[in-house]
$ cat query_37.cif   # mmCIF, C-alpha atoms and all ligand atoms
data_coords
loop_
_atom_site.group_PDB
_atom_site.id
_atom_site.type_symbol
_atom_site.label_atom_id
_atom_site.label_comp_id
_atom_site.auth_asym_id
_atom_site.auth_seq_id
_atom_site.Cartn_x
_atom_site.Cartn_y
_atom_site.Cartn_z
ATOM 1 C CA MET H 1 113.643 115.751 87.784
ATOM 2 C CA GLY H 2 112.561 116.127 91.396
ATOM 3 C CA LYS H 3 113.427 113.632 94.069
ATOM 4 C CA ILE H 4 110.876 110.941 94.791
ATOM 5 C CA ILE H 5 109.781 110.509 98.390
ATOM 6 C CA ASP H 6 109.859 106.745 98.705
ATOM 7 C CA GLY H 7 107.198 105.869 101.275
ATOM 8 C CA LYS H 8 107.810 102.181 100.800
ATOM 9 C CA VAL H 9 111.492 102.281 101.735
ATOM 10 C CA MET H 10 110.850 104.723 104.568
ATOM 11 C CA SER H 11 108.088 102.533 106.002
ATOM 12 C CA GLU H 12 110.286 99.415 105.806
ATOM 13 C CA ARG H 13 112.990 101.186 107.794
ATOM 14 C CA LEU H 14 110.449 102.168 110.416
ATOM 15 C CA ARG H 15 109.197 98.606 110.659
ATOM 16 C CA ASP H 16 112.518 97.471 112.164
ATOM 17 C CA LYS H 17 112.107 100.041 114.909
ATOM 18 C CA ILE H 18 108.474 99.000 115.420
ATOM 19 C CA ASN H 19 109.390 95.300 115.699
ATOM 20 C CA LYS H 20 111.881 96.141 118.447
ATOM 21 C CA GLU H 21 109.326 98.245 120.316
ATOM 22 C CA VAL H 22 106.718 95.495 120.092
ATOM 23 C CA SER H 23 109.201 92.895 121.418
ATOM 24 C CA ALA H 24 110.142 95.169 124.313
ATOM 25 C CA PHE H 25 106.467 95.842 125.110
ATOM 26 C CA THR H 26 105.617 92.134 124.993
ATOM 27 C CA LYS H 27 108.480 91.349 127.381
ATOM 28 C CA ASP H 28 107.587 94.160 129.806
ATOM 29 C CA TYR H 29 103.809 93.646 129.854
ATOM 30 C CA GLY H 30 103.629 89.871 129.330
ATOM 31 C CA ARG H 31 101.400 90.277 126.284
ATOM 32 C CA PRO H 32 101.669 91.843 122.825
ATOM 33 C CA PRO H 33 99.881 95.093 121.923
ATOM 34 C CA GLY H 34 96.383 94.362 120.573
ATOM 35 C CA LEU H 35 94.414 96.075 117.816
ATOM 36 C CA ALA H 36 90.748 95.317 117.114
ATOM 37 C CA VAL H 37 89.845 95.808 113.458
ATOM 38 C CA ILE H 38 86.168 95.988 112.503
ATOM 39 C CA LEU H 39 84.948 95.790 108.924
ATOM 40 C CA VAL H 40 81.236 96.087 108.189
ATOM 41 C CA GLY H 41 80.096 94.880 104.777
ATOM 42 C CA GLU H 42 82.100 93.865 101.754
ATOM 43 C CA ASP H 43 83.349 97.035 100.080
ATOM 44 C CA PRO H 44 86.252 95.683 97.954
ATOM 45 C CA ALA H 45 88.650 98.600 98.589
ATOM 46 C CA SER H 46 87.964 98.475 102.349
ATOM 47 C CA SER H 47 88.514 94.704 102.387
ATOM 48 C CA VAL H 48 91.954 95.200 100.801
ATOM 49 C CA TYR H 49 92.881 97.982 103.272
ATOM 50 C CA VAL H 50 91.754 95.887 106.254
ATOM 51 C CA ARG H 51 93.669 92.826 105.064
ATOM 52 C CA ASN H 52 96.826 94.942 104.647
ATOM 53 C CA LYS H 53 96.416 96.435 108.113
ATOM 54 C CA GLU H 54 95.897 93.023 109.716
ATOM 55 C CA ARG H 55 98.910 91.591 107.879
ATOM 56 C CA ALA H 56 101.079 94.524 108.970
ATOM 57 C CA CYS H 57 100.031 93.931 112.603
ATOM 58 C CA LYS H 58 100.865 90.245 112.434
ATOM 59 C CA ASN H 59 104.266 90.920 110.845
ATOM 60 C CA ALA H 60 105.055 93.384 113.623
ATOM 61 C CA GLY H 61 103.975 91.014 116.424
ATOM 62 C CA ILE H 62 100.843 93.031 117.263
ATOM 63 C CA ILE H 63 97.756 90.862 117.824
ATOM 64 C CA SER H 64 94.902 91.884 115.535
ATOM 65 C CA PHE H 65 91.441 90.880 116.668
ATOM 66 C CA ASP H 66 89.523 90.716 113.404
ATOM 67 C CA HIS H 67 85.784 91.376 113.323
ATOM 68 C CA ARG H 68 83.847 90.965 110.072
ATOM 69 C CA LEU H 69 80.212 92.032 110.302
ATOM 70 C CA PRO H 70 77.515 91.744 107.630
ATOM 71 C CA THR H 71 76.310 94.845 105.734
ATOM 72 C CA GLU H 72 72.933 94.749 107.519
ATOM 73 C CA THR H 73 74.539 95.155 110.982
ATOM 74 C CA SER H 74 72.642 97.787 112.998
ATOM 75 C CA LEU H 75 74.148 100.817 114.727
ATOM 76 C CA THR H 76 73.284 99.249 118.101
ATOM 77 C CA GLU H 77 74.983 95.972 117.248
ATOM 78 C CA LEU H 78 78.106 97.777 116.090
ATOM 79 C CA THR H 79 78.340 100.115 119.069
ATOM 80 C CA SER H 80 77.715 97.170 121.441
ATOM 81 C CA LEU H 81 80.754 95.419 119.957
ATOM 82 C CA VAL H 82 82.812 98.616 120.295
ATOM 83 C CA LYS H 83 81.756 98.994 123.932
ATOM 84 C CA GLU H 84 82.754 95.389 124.647
ATOM 85 C CA LEU H 85 86.166 96.050 123.079
ATOM 86 C CA ASN H 86 86.481 99.289 125.094
ATOM 87 C CA LEU H 87 86.473 97.146 128.259
ATOM 88 C CA ARG H 88 88.928 94.460 127.138
ATOM 89 C CA GLN H 89 92.374 94.613 128.735
ATOM 90 C CA ASP H 90 94.044 92.936 125.750
ATOM 91 C CA VAL H 91 92.679 95.464 123.217
ATOM 92 C CA ASP H 92 94.736 98.676 123.091
ATOM 93 C CA GLY H 93 93.323 100.158 119.906
ATOM 94 C CA ILE H 94 90.011 99.935 118.053
ATOM 95 C CA LEU H 95 89.741 100.635 114.340
ATOM 96 C CA VAL H 96 86.411 100.810 112.536
ATOM 97 C CA GLN H 97 87.101 100.795 108.796
ATOM 98 C CA LEU H 98 85.346 103.631 106.943
ATOM 99 C CA PRO H 99 83.163 104.164 105.010
ATOM 100 C CA LEU H 100 80.377 102.398 106.891
ATOM 101 C CA PRO H 101 77.172 101.293 105.135
ATOM 102 C CA HIS H 102 74.794 104.270 104.678
ATOM 103 C CA HIS H 103 72.287 103.192 107.349
ATOM 104 C CA ILE H 104 74.920 103.392 110.116
ATOM 105 C CA LYS H 105 75.660 106.832 111.574
ATOM 106 C CA THR H 106 79.456 107.080 111.387
ATOM 107 C CA ASP H 107 79.696 109.872 113.988
ATOM 108 C CA GLN H 108 77.891 107.795 116.594
ATOM 109 C CA VAL H 109 80.174 104.832 115.989
ATOM 110 C CA LEU H 110 83.314 106.954 116.237
ATOM 111 C CA MET H 111 81.996 108.541 119.440
ATOM 112 C CA SER H 112 81.386 105.112 120.997
ATOM 113 C CA ILE H 113 85.118 104.359 120.879
ATOM 114 C CA GLU H 114 86.897 105.094 124.142
ATOM 115 C CA PRO H 115 89.219 108.050 123.283
ATOM 116 C CA THR H 116 92.194 106.238 124.849
ATOM 117 C CA LYS H 117 91.627 103.366 122.364
ATOM 118 C CA ASP H 118 90.873 105.591 119.367
ATOM 119 C CA VAL H 119 93.768 104.404 117.200
ATOM 120 C CA ASP H 120 92.689 106.432 114.133
ATOM 121 C CA GLY H 121 92.271 109.643 116.149
ATOM 122 C CA PHE H 122 88.807 110.303 114.684
ATOM 123 C CA HIS H 123 86.948 110.736 118.014
ATOM 124 C CA PRO H 124 85.834 114.373 118.523
ATOM 125 C CA TYR H 125 87.782 114.475 121.808
ATOM 126 C CA ASN H 126 91.042 113.617 120.038
ATOM 127 C CA LEU H 127 90.307 115.811 116.995
ATOM 128 C CA GLY H 128 89.534 118.669 119.404
ATOM 129 C CA ARG H 129 92.833 118.161 121.202
ATOM 130 C CA LEU H 130 94.590 118.158 117.826
ATOM 131 C CA LEU H 131 92.960 121.477 116.971
ATOM 132 C CA MET H 132 94.209 122.883 120.286
ATOM 133 C CA GLY H 133 97.746 121.600 119.666
ATOM 134 C CA LEU H 134 97.581 119.278 122.706
ATOM 135 C CA PRO H 135 99.124 115.766 122.802
ATOM 136 C CA THR H 136 96.693 113.356 121.167
ATOM 137 C CA VAL H 137 96.283 110.445 118.770
ATOM 138 C CA ILE H 138 97.114 111.911 115.363
ATOM 139 C CA PRO H 139 95.184 110.350 112.445
ATOM 140 C CA CYS H 140 97.482 107.941 110.593
ATOM 141 C CA THR H 141 97.626 109.514 107.114
ATOM 142 C CA PRO H 142 98.311 113.072 108.342
ATOM 143 C CA ARG H 143 100.854 111.720 110.830
ATOM 144 C CA GLY H 144 102.596 109.855 107.994
ATOM 145 C CA ILE H 145 102.700 113.010 105.865
ATOM 146 C CA MET H 146 104.277 115.079 108.653
ATOM 147 C CA TYR H 147 106.802 112.286 109.223
ATOM 148 C CA MET H 148 107.766 112.276 105.522
ATOM 149 C CA LEU H 149 108.169 116.058 105.418
ATOM 150 C CA GLU H 150 110.416 115.994 108.457
ATOM 151 C CA ALA H 151 112.465 113.052 107.168
ATOM 152 C CA TYR H 152 113.160 114.949 103.939
ATOM 153 C CA GLY H 153 114.071 118.147 105.785
ATOM 154 C CA VAL H 154 110.987 120.103 104.697
ATOM 155 C CA ASP H 155 110.128 122.702 107.346
ATOM 156 C CA PRO H 156 106.581 124.056 106.780
ATOM 157 C CA ASP H 157 107.364 127.252 108.766
ATOM 158 C CA GLY H 158 106.263 130.254 106.702
ATOM 159 C CA LYS H 159 105.590 128.171 103.583
ATOM 160 C CA ASP H 160 102.555 128.799 101.405
ATOM 161 C CA THR H 161 100.779 125.477 101.638
ATOM 162 C CA VAL H 162 97.724 124.248 99.797
ATOM 163 C CA VAL H 163 95.636 121.307 101.035
ATOM 164 C CA ILE H 164 93.078 119.962 98.570
ATOM 165 C CA GLY H 165 90.282 118.208 100.475
ATOM 166 C CA ARG H 166 88.543 118.965 103.764
ATOM 167 C CA SER H 167 87.564 115.535 105.099
ATOM 168 C CA ASN H 168 87.750 114.845 108.826
ATOM 169 C CA ILE H 169 90.234 112.027 108.232
ATOM 170 C CA VAL H 170 92.764 113.691 105.926
ATOM 171 C CA GLY H 171 92.139 117.284 104.785
ATOM 172 C CA LYS H 172 91.195 118.948 108.080
ATOM 173 C CA PRO H 173 93.760 117.196 110.312
ATOM 174 C CA ILE H 174 96.670 117.731 107.888
ATOM 175 C CA ALA H 175 95.680 121.406 107.487
ATOM 176 C CA THR H 176 95.686 121.676 111.297
ATOM 177 C CA LEU H 177 99.077 119.978 111.690
ATOM 178 C CA LEU H 178 100.616 122.204 109.001
ATOM 179 C CA THR H 179 99.142 125.288 110.680
ATOM 180 C CA LEU H 180 100.598 124.165 114.013
ATOM 181 C CA ALA H 181 103.933 123.789 112.174
ATOM 182 C CA HIS H 182 103.583 127.489 111.187
ATOM 183 C CA ALA H 183 102.695 127.033 107.513
ATOM 184 C CA THR H 184 100.277 129.464 105.853
ATOM 185 C CA VAL H 185 97.559 127.030 104.833
ATOM 186 C CA THR H 186 94.888 127.386 102.153
ATOM 187 C CA VAL H 187 92.266 124.622 102.256
ATOM 188 C CA CYS H 188 90.658 123.930 98.873
ATOM 189 C CA HIS H 189 87.641 121.722 98.209
ATOM 190 C CA SER H 190 84.909 120.987 95.700
ATOM 191 C CA HIS H 191 83.507 124.559 95.969
ATOM 192 C CA THR H 192 86.876 126.273 95.504
ATOM 193 C CA LYS H 193 87.081 128.616 92.549
ATOM 194 C CA ASN H 194 90.271 128.720 90.500
ATOM 195 C CA LEU H 195 91.985 125.725 92.051
ATOM 196 C CA GLU H 196 94.822 125.993 89.544
ATOM 197 C CA GLU H 197 95.652 129.533 90.663
ATOM 198 C CA LYS H 198 95.800 128.429 94.325
ATOM 199 C CA VAL H 199 97.987 125.409 93.531
ATOM 200 C CA ARG H 200 100.379 127.544 91.446
ATOM 201 C CA ASN H 201 101.206 129.510 94.587
ATOM 202 C CA ALA H 202 101.966 126.474 96.769
ATOM 203 C CA ASP H 203 105.436 125.783 98.155
ATOM 204 C CA ILE H 204 103.913 122.629 99.638
ATOM 205 C CA LEU H 205 100.900 120.897 98.071
ATOM 206 C CA VAL H 206 98.949 118.127 99.808
ATOM 207 C CA SER H 207 96.232 116.708 97.602
ATOM 208 C CA ALA H 208 93.524 114.457 99.086
ATOM 209 C CA ALA H 209 90.582 114.761 96.709
ATOM 210 C CA GLY H 210 90.370 111.295 95.139
ATOM 211 C CA ARG H 211 90.260 112.791 91.600
ATOM 212 C CA PRO H 212 92.815 111.006 89.415
ATOM 213 C CA HIS H 213 95.294 113.248 87.531
ATOM 214 C CA MET H 214 93.293 116.364 88.473
ATOM 215 C CA VAL H 215 96.409 118.400 89.345
ATOM 216 C CA LYS H 216 98.431 118.999 86.190
ATOM 217 C CA GLY H 217 102.204 119.250 86.169
ATOM 218 C CA SER H 218 101.980 122.779 84.752
ATOM 219 C CA TRP H 219 100.148 123.891 87.934
ATOM 220 C CA ILE H 220 103.086 122.963 90.175
ATOM 221 C CA LYS H 221 105.311 125.842 91.308
ATOM 222 C CA PRO H 222 108.881 124.989 90.306
ATOM 223 C CA GLY H 223 110.647 123.506 93.341
ATOM 224 C CA ALA H 224 107.427 122.768 95.249
ATOM 225 C CA VAL H 225 106.998 119.752 97.535
ATOM 226 C CA VAL H 226 104.078 117.587 96.379
ATOM 227 C CA ILE H 227 102.339 115.062 98.630
ATOM 228 C CA ASP H 228 99.708 113.035 96.796
ATOM 229 C CA VAL H 229 97.259 111.302 99.134
ATOM 230 C CA GLY H 230 94.656 110.420 96.510
ATOM 231 C CA ILE H 231 94.158 106.789 95.564
ATOM 232 C CA THR H 232 91.798 105.881 92.749
ATOM 233 C CA ARG H 233 91.621 102.458 91.141
ATOM 234 C CA ASP H 234 90.758 102.426 87.429
ATOM 235 C CA LYS H 235 88.791 99.677 85.684
ATOM 236 C CA ASP H 236 91.990 97.698 85.019
ATOM 237 C CA GLY H 237 92.891 97.793 88.708
ATOM 238 C CA ARG H 238 95.692 100.368 88.316
ATOM 239 C CA LEU H 239 96.069 102.948 91.093
ATOM 240 C CA SER H 240 96.339 106.671 90.346
ATOM 241 C CA GLY H 241 96.920 109.686 92.510
ATOM 242 C CA ASP H 242 95.346 113.151 92.272
ATOM 243 C CA VAL H 243 98.504 114.572 90.718
ATOM 244 C CA ASP H 244 99.621 113.892 87.161
ATOM 245 C CA PHE H 245 102.905 112.388 88.328
ATOM 246 C CA GLU H 246 104.668 112.208 84.959
ATOM 247 C CA THR H 247 104.365 115.939 84.285
ATOM 248 C CA ALA H 248 104.619 117.076 87.919
ATOM 249 C CA LYS H 249 107.819 115.215 88.805
ATOM 250 C CA ASP H 250 109.944 117.503 86.620
ATOM 251 C CA ARG H 251 108.750 120.672 88.367
ATOM 252 C CA ALA H 252 108.548 119.468 91.975
ATOM 253 C CA SER H 253 111.662 119.304 94.163
ATOM 254 C CA LEU H 254 110.118 116.383 96.073
ATOM 255 C CA ILE H 255 107.082 114.301 95.162
ATOM 256 C CA THR H 256 105.318 111.180 96.449
ATOM 257 C CA PRO H 257 104.318 108.494 93.929
ATOM 258 C CA VAL H 258 101.035 106.568 93.953
ATOM 259 C CA PRO H 259 101.312 103.760 94.883
ATOM 260 C CA GLY H 260 104.374 103.688 97.135
ATOM 261 C CA GLY H 261 104.103 107.133 98.733
ATOM 262 C CA VAL H 262 101.638 108.064 101.458
ATOM 263 C CA GLY H 263 99.876 104.655 101.538
ATOM 264 C CA PRO H 264 102.646 102.557 103.145
ATOM 265 C CA MET H 265 103.345 105.323 105.671
ATOM 266 C CA THR H 266 99.693 105.338 106.745
ATOM 267 C CA ILE H 267 99.895 101.663 107.706
ATOM 268 C CA VAL H 268 103.124 102.126 109.633
ATOM 269 C CA MET H 269 101.602 105.052 111.550
ATOM 270 C CA LEU H 270 98.701 102.775 112.499
ATOM 271 C CA LEU H 271 101.215 100.395 114.080
ATOM 272 C CA MET H 272 102.944 103.302 115.846
ATOM 273 C CA ASN H 273 99.628 104.637 117.151
ATOM 274 C CA THR H 274 98.735 101.162 118.455
ATOM 275 C CA ILE H 275 102.014 100.915 120.367
ATOM 276 C CA MET H 276 101.557 104.437 121.730
ATOM 277 C CA LEU H 277 98.067 103.571 123.015
ATOM 278 C CA ALA H 278 99.296 100.262 124.453
ATOM 279 C CA LYS H 279 101.889 102.158 126.464
ATOM 280 C CA GLY H 280 99.188 104.540 127.659
ATOM 281 C CA HIS H 281 100.914 107.523 126.137
ATOM 282 C CA VAL H 282 97.869 109.569 125.261
ATOM 283 C CA ALA H 283 95.804 112.325 126.672
HETATM 284 P P1 LIG Q 1 86.578 112.438 100.863
HETATM 285 O O1 LIG Q 1 85.803 112.003 99.681
HETATM 286 O O2 LIG Q 1 85.982 112.370 102.213
HETATM 287 O O3 LIG Q 1 87.051 113.942 100.635
HETATM 288 C C1 LIG Q 1 87.483 114.422 99.396
HETATM 289 C C2 LIG Q 1 87.667 115.906 99.495
HETATM 290 O O4 LIG Q 1 88.134 116.365 98.230
HETATM 291 C C3 LIG Q 1 86.398 116.673 99.822
HETATM 292 O O5 LIG Q 1 86.649 117.574 100.863
HETATM 293 C C4 LIG Q 1 86.063 117.418 98.514
HETATM 294 O O6 LIG Q 1 85.532 118.708 98.761
HETATM 295 C C5 LIG Q 1 87.415 117.517 97.840
HETATM 296 N N1 LIG Q 1 87.269 117.508 96.379
HETATM 297 C C6 LIG Q 1 86.624 116.593 95.621
HETATM 298 N N2 LIG Q 1 86.678 116.943 94.329
HETATM 299 C C7 LIG Q 1 87.368 118.099 94.262
HETATM 300 C C8 LIG Q 1 87.753 118.950 93.209
HETATM 301 N N3 LIG Q 1 87.426 118.686 91.939
HETATM 302 N N4 LIG Q 1 88.461 120.052 93.510
HETATM 303 C C9 LIG Q 1 88.809 120.330 94.773
HETATM 304 N N5 LIG Q 1 88.475 119.549 95.829
HETATM 305 C C10 LIG Q 1 87.763 118.453 95.570
HETATM 306 O O7 LIG Q 1 87.930 111.624 100.787
HETATM 307 P P2 LIG Q 1 89.079 111.306 101.876
HETATM 308 O O8 LIG Q 1 88.617 110.209 102.734
HETATM 309 O O9 LIG Q 1 89.585 112.563 102.477
HETATM 310 O O10 LIG Q 1 90.187 110.730 100.891
HETATM 311 C C11 LIG Q 1 90.709 111.498 99.823
HETATM 312 C C12 LIG Q 1 91.548 110.640 98.913
HETATM 313 O O11 LIG Q 1 92.662 110.146 99.643
HETATM 314 C C13 LIG Q 1 90.855 109.384 98.373
HETATM 315 O O12 LIG Q 1 91.350 109.109 97.076
HETATM 316 C C14 LIG Q 1 91.279 108.294 99.327
HETATM 317 O O13 LIG Q 1 91.260 107.013 98.719
HETATM 318 C C15 LIG Q 1 92.679 108.727 99.630
HETATM 319 N N6 LIG Q 1 93.201 108.273 100.918
HETATM 320 C C16 LIG Q 1 94.421 107.734 100.894
HETATM 321 C C17 LIG Q 1 94.998 107.316 102.077
HETATM 322 C C18 LIG Q 1 96.375 106.750 102.040
HETATM 323 O O14 LIG Q 1 96.764 106.070 102.950
HETATM 324 N N7 LIG Q 1 97.165 107.033 101.004
HETATM 325 C C19 LIG Q 1 94.314 107.442 103.285
HETATM 326 C C20 LIG Q 1 93.057 108.043 103.271
HETATM 327 C C21 LIG Q 1 92.511 108.462 102.070
#
$ encode --input "query_37.cif" --output "structure tokens" --more "lines below"
Ligand code: NAD
Amino acid sequence: MGKIIDGKVMSERLRDKINKEVSAFTKDYGRPPGLAVILVGEDPASSVYVRNKERACKNAGIISFDHRLPTETSLTELTSLVKELNLRQDVDGILVQLPLPHHIKTDQVLMSIEPTKDVDGFHPYNLGRLLMGLPTVIPCTPRGIMYMLEAYGVDPDGKDTVVIGRSNIVGKPIATLLTLAHATVTVCHSHTKNLEEKVRNADILVSAAGRPHMVKGSWIKPGAVVIDVGITRDKDGRLSGDVDFETAKDRASLITPVPGGVGPMTIVMLLMNTIMLAKGHVA
């Protein structure tokens, strides 16, 4: 059986380091780092994510300024709030939880965030810098994945790597980071033909499709490293990843479980990005 990459344990270890950094920052600057968290509407999954993020901030000593807006909030109202937060000295990072209600243009909201406060790294300026390999705010989930690979001694250099998913928040940035780390990256998506054949060739597989158990254990190349980003909640409330963990774990050399893999690392990277922005260490 392959080794399990325990994102929960790894994130708890990192939290000690984060607590120390937050204490040092608070002493040096006379205030704690501040993260503004905006949730529009009442999507149940988003409400859970936002609550977890706010709790993680509080536990780390980061102030979270929580904004709950009704579903019918207009684009102008939302961007006005963002612009107000852009000007506040006590707000270092601004997070707008996605997805937004359909009537709000997500791109315009993301572009209204000051790039130096763009804690998720979704602003085109920061995504562009990422593409160019320049220092930037790296989106939390991809940053967490790269951290896990490094911690487990997985060097992407020269590896055949398959990324399933091409979203702006996971698929594209992780494909970019892996390319910058010299992997040979194949990006697969809903129009890809013969997904199984592509996956069978992967030394490293990152799956971010949101299709539970889509990747079968028999598709995994023996010894491959498998990072499962997908999170789907079934009708009984159980979480599943994209990869059929039970059959894949015997073929993979390293594999992340769901839950307890990528998810906890994403939250910790949010805290690390907030501290980085608070210190002014961005482009
Ligand atoms: P998304 O819906 O924006 O993108 C999904 C991508 O998967 C698309 O590019 C689509 O083309 C591709 N896809 C869908 N069905 C496919 C199929 N049958 N074959 C191949 N490709 C297919 O989603 P997202 O925001 O990128 O998130 C992806 C998944 O990761 C979701 O389950 C989400 O909940 C999860 N997620 C987890 C974390 C975490 O912290 N663990 C963070 C972000 C997203």
$ residues_near_ligand --input "query_37.cif" --ligand "ligand LIG 1 (chain Q)" --cutoff "9 Å" --atoms "all atoms listed in the file" --output "PDB file with C-alpha atoms, keeping the file's coordinate frame"
ATOM      1  CA  ALA H  45      88.650  98.600  98.589  1.00  0.00           C
ATOM      2  CA  TYR H  49      92.881  97.982 103.272  1.00  0.00           C
ATOM      3  CA  LEU H  98      85.346 103.631 106.943  1.00  0.00           C
ATOM      4  CA  PRO H  99      83.163 104.164 105.010  1.00  0.00           C
ATOM      5  CA  CYS H 140      97.482 107.941 110.593  1.00  0.00           C
ATOM      6  CA  THR H 141      97.626 109.514 107.114  1.00  0.00           C
ATOM      7  CA  PRO H 142      98.311 113.072 108.342  1.00  0.00           C
ATOM      8  CA  GLY H 144     102.596 109.855 107.994  1.00  0.00           C
ATOM      9  CA  ILE H 164      93.078 119.962  98.570  1.00  0.00           C
ATOM     10  CA  GLY H 165      90.282 118.208 100.475  1.00  0.00           C
ATOM     11  CA  ARG H 166      88.543 118.965 103.764  1.00  0.00           C
ATOM     12  CA  SER H 167      87.564 115.535 105.099  1.00  0.00           C
ATOM     13  CA  ASN H 168      87.750 114.845 108.826  1.00  0.00           C
ATOM     14  CA  ILE H 169      90.234 112.027 108.232  1.00  0.00           C
ATOM     15  CA  VAL H 170      92.764 113.691 105.926  1.00  0.00           C
ATOM     16  CA  GLY H 171      92.139 117.284 104.785  1.00  0.00           C
ATOM     17  CA  LYS H 172      91.195 118.948 108.080  1.00  0.00           C
ATOM     18  CA  CYS H 188      90.658 123.930  98.873  1.00  0.00           C
ATOM     19  CA  HIS H 189      87.641 121.722  98.209  1.00  0.00           C
ATOM     20  CA  SER H 190      84.909 120.987  95.700  1.00  0.00           C
ATOM     21  CA  HIS H 191      83.507 124.559  95.969  1.00  0.00           C
ATOM     22  CA  THR H 192      86.876 126.273  95.504  1.00  0.00           C
ATOM     23  CA  LYS H 193      87.081 128.616  92.549  1.00  0.00           C
ATOM     24  CA  LEU H 195      91.985 125.725  92.051  1.00  0.00           C
ATOM     25  CA  SER H 207      96.232 116.708  97.602  1.00  0.00           C
ATOM     26  CA  ALA H 208      93.524 114.457  99.086  1.00  0.00           C
ATOM     27  CA  ALA H 209      90.582 114.761  96.709  1.00  0.00           C
ATOM     28  CA  GLY H 210      90.370 111.295  95.139  1.00  0.00           C
ATOM     29  CA  ARG H 211      90.260 112.791  91.600  1.00  0.00           C
ATOM     30  CA  PRO H 212      92.815 111.006  89.415  1.00  0.00           C
ATOM     31  CA  MET H 214      93.293 116.364  88.473  1.00  0.00           C
ATOM     32  CA  ASP H 228      99.708 113.035  96.796  1.00  0.00           C
ATOM     33  CA  VAL H 229      97.259 111.302  99.134  1.00  0.00           C
ATOM     34  CA  GLY H 230      94.656 110.420  96.510  1.00  0.00           C
ATOM     35  CA  ILE H 231      94.158 106.789  95.564  1.00  0.00           C
ATOM     36  CA  THR H 232      91.798 105.881  92.749  1.00  0.00           C
ATOM     37  CA  ARG H 233      91.621 102.458  91.141  1.00  0.00           C
ATOM     38  CA  SER H 240      96.339 106.671  90.346  1.00  0.00           C
ATOM     39  CA  GLY H 241      96.920 109.686  92.510  1.00  0.00           C
ATOM     40  CA  ASP H 242      95.346 113.151  92.272  1.00  0.00           C
ATOM     41  CA  VAL H 258     101.035 106.568  93.953  1.00  0.00           C
ATOM     42  CA  PRO H 259     101.312 103.760  94.883  1.00  0.00           C
ATOM     43  CA  GLY H 260     104.374 103.688  97.135  1.00  0.00           C
ATOM     44  CA  GLY H 261     104.103 107.133  98.733  1.00  0.00           C
ATOM     45  CA  VAL H 262     101.638 108.064 101.458  1.00  0.00           C
ATOM     46  CA  GLY H 263      99.876 104.655 101.538  1.00  0.00           C
ATOM     47  CA  PRO H 264     102.646 102.557 103.145  1.00  0.00           C
ATOM     48  CA  MET H 265     103.345 105.323 105.671  1.00  0.00           C
ATOM     49  CA  THR H 266      99.693 105.338 106.745  1.00  0.00           C
ATOM     50  CA  ILE H 267      99.895 101.663 107.706  1.00  0.00           C
TER      51      ILE H 267
END
$ atom_distance --input "query_37.cif" --atom1 "CA of Ile138 (chain H)" --atom2 "CA of Ser11 (chain H)"
17.2 Å
$ resolve_selection --input "query_37.cif" --expression "the PyMOL selection byres (((chain H and resi 126) around 9) and not hetatm)" --output "PyMOL selection string"
chain H and resi 115-116+118+121-125+127-131+135-138+283
$ resolve_selection --input "query_37.cif" --expression "the PyMOL selection byres (((chain H and resi 273) around 10) and not hetatm)" --output "list of chain:residue names"
H:Asp92, H:Gly93, H:Lys117, H:Asp118, H:Val119, H:Asp120, H:Gly121, H:Val137, H:Ile138, H:Pro139, H:Cys140, H:Arg143, H:Ile267, H:Val268, H:Met269, H:Leu270, H:Leu271, H:Met272, H:Thr274, H:Ile275, H:Met276, H:Leu277, H:Ala278, H:Lys279, H:His281, H:Val282
$ atom_distance --input "query_37.cif" --atom1 "CA of Leu69 (chain H)" --atom2 "CA of Pro44 (chain H)"
14.2 Å
$ residues_around --input "query_37.cif" --residues "Asn59 (chain H)" --least-positions-apart "5" --cutoff "10 Å" --atoms "only C-alpha atoms" --output "number ranges by chain"
H: 15, 19, 53-54
$ closest_residue --input "query_37.cif" --among "H:Pro222, H:Pro101, H:Pro257, H:Gly2" --to "Ser46 (chain H)" --atoms "only C-alpha atoms"
H:Pro101
$ atom_distance --input "query_37.cif" --atom1 "CA of His67 (chain H)" --atom2 "CA of Asp43 (chain H)"
14.6 Å
$ residues_around --input "query_37.cif" --residues "Val154 (chain H)" --least-positions-apart "6" --cutoff "12 Å" --atoms "all atoms listed in the file" --output "ChimeraX atom specification"
/H:5,145-148,161,178,181,183,203-204,223-227,253-255
$ decode --input "query_37.cif" --residues "region 178-194 of chain H" --atoms "C-alpha atoms" --output "PDB file, in the first residue's frame"
ATOM      1  CA  LEU H 178       4.241  22.289 -12.113  1.00  0.00           C
ATOM      2  CA  THR H 179       5.479  23.579 -15.475  1.00  0.00           C
ATOM      3  CA  LEU H 180       7.665  26.131 -13.687  1.00  0.00           C
ATOM      4  CA  ALA H 181       8.982  23.207 -11.598  1.00  0.00           C
ATOM      5  CA  HIS H 182       9.995  21.548 -14.916  1.00  0.00           C
ATOM      6  CA  ALA H 183       7.299  18.864 -15.074  1.00  0.00           C
ATOM      7  CA  THR H 184       5.875  17.835 -18.454  1.00  0.00           C
ATOM      8  CA  VAL H 185       2.240  18.744 -17.895  1.00  0.00           C
ATOM      9  CA  THR H 186      -0.863  17.475 -19.684  1.00  0.00           C
ATOM     10  CA  VAL H 187      -4.024  19.400 -18.775  1.00  0.00           C
ATOM     11  CA  CYS H 188      -7.209  17.338 -19.121  1.00  0.00           C
ATOM     12  CA  HIS H 189     -10.775  18.625 -18.906  1.00  0.00           C
ATOM     13  CA  SER H 190     -14.355  17.812 -19.808  1.00  0.00           C
ATOM     14  CA  HIS H 191     -13.538  17.723 -23.566  1.00  0.00           C
ATOM     15  CA  THR H 192     -10.516  15.436 -23.193  1.00  0.00           C
ATOM     16  CA  LYS H 193     -10.730  12.184 -25.103  1.00  0.00           C
ATOM     17  CA  ASN H 194      -9.395   9.017 -23.500  1.00  0.00           C
TER      18      ASN H 194
END
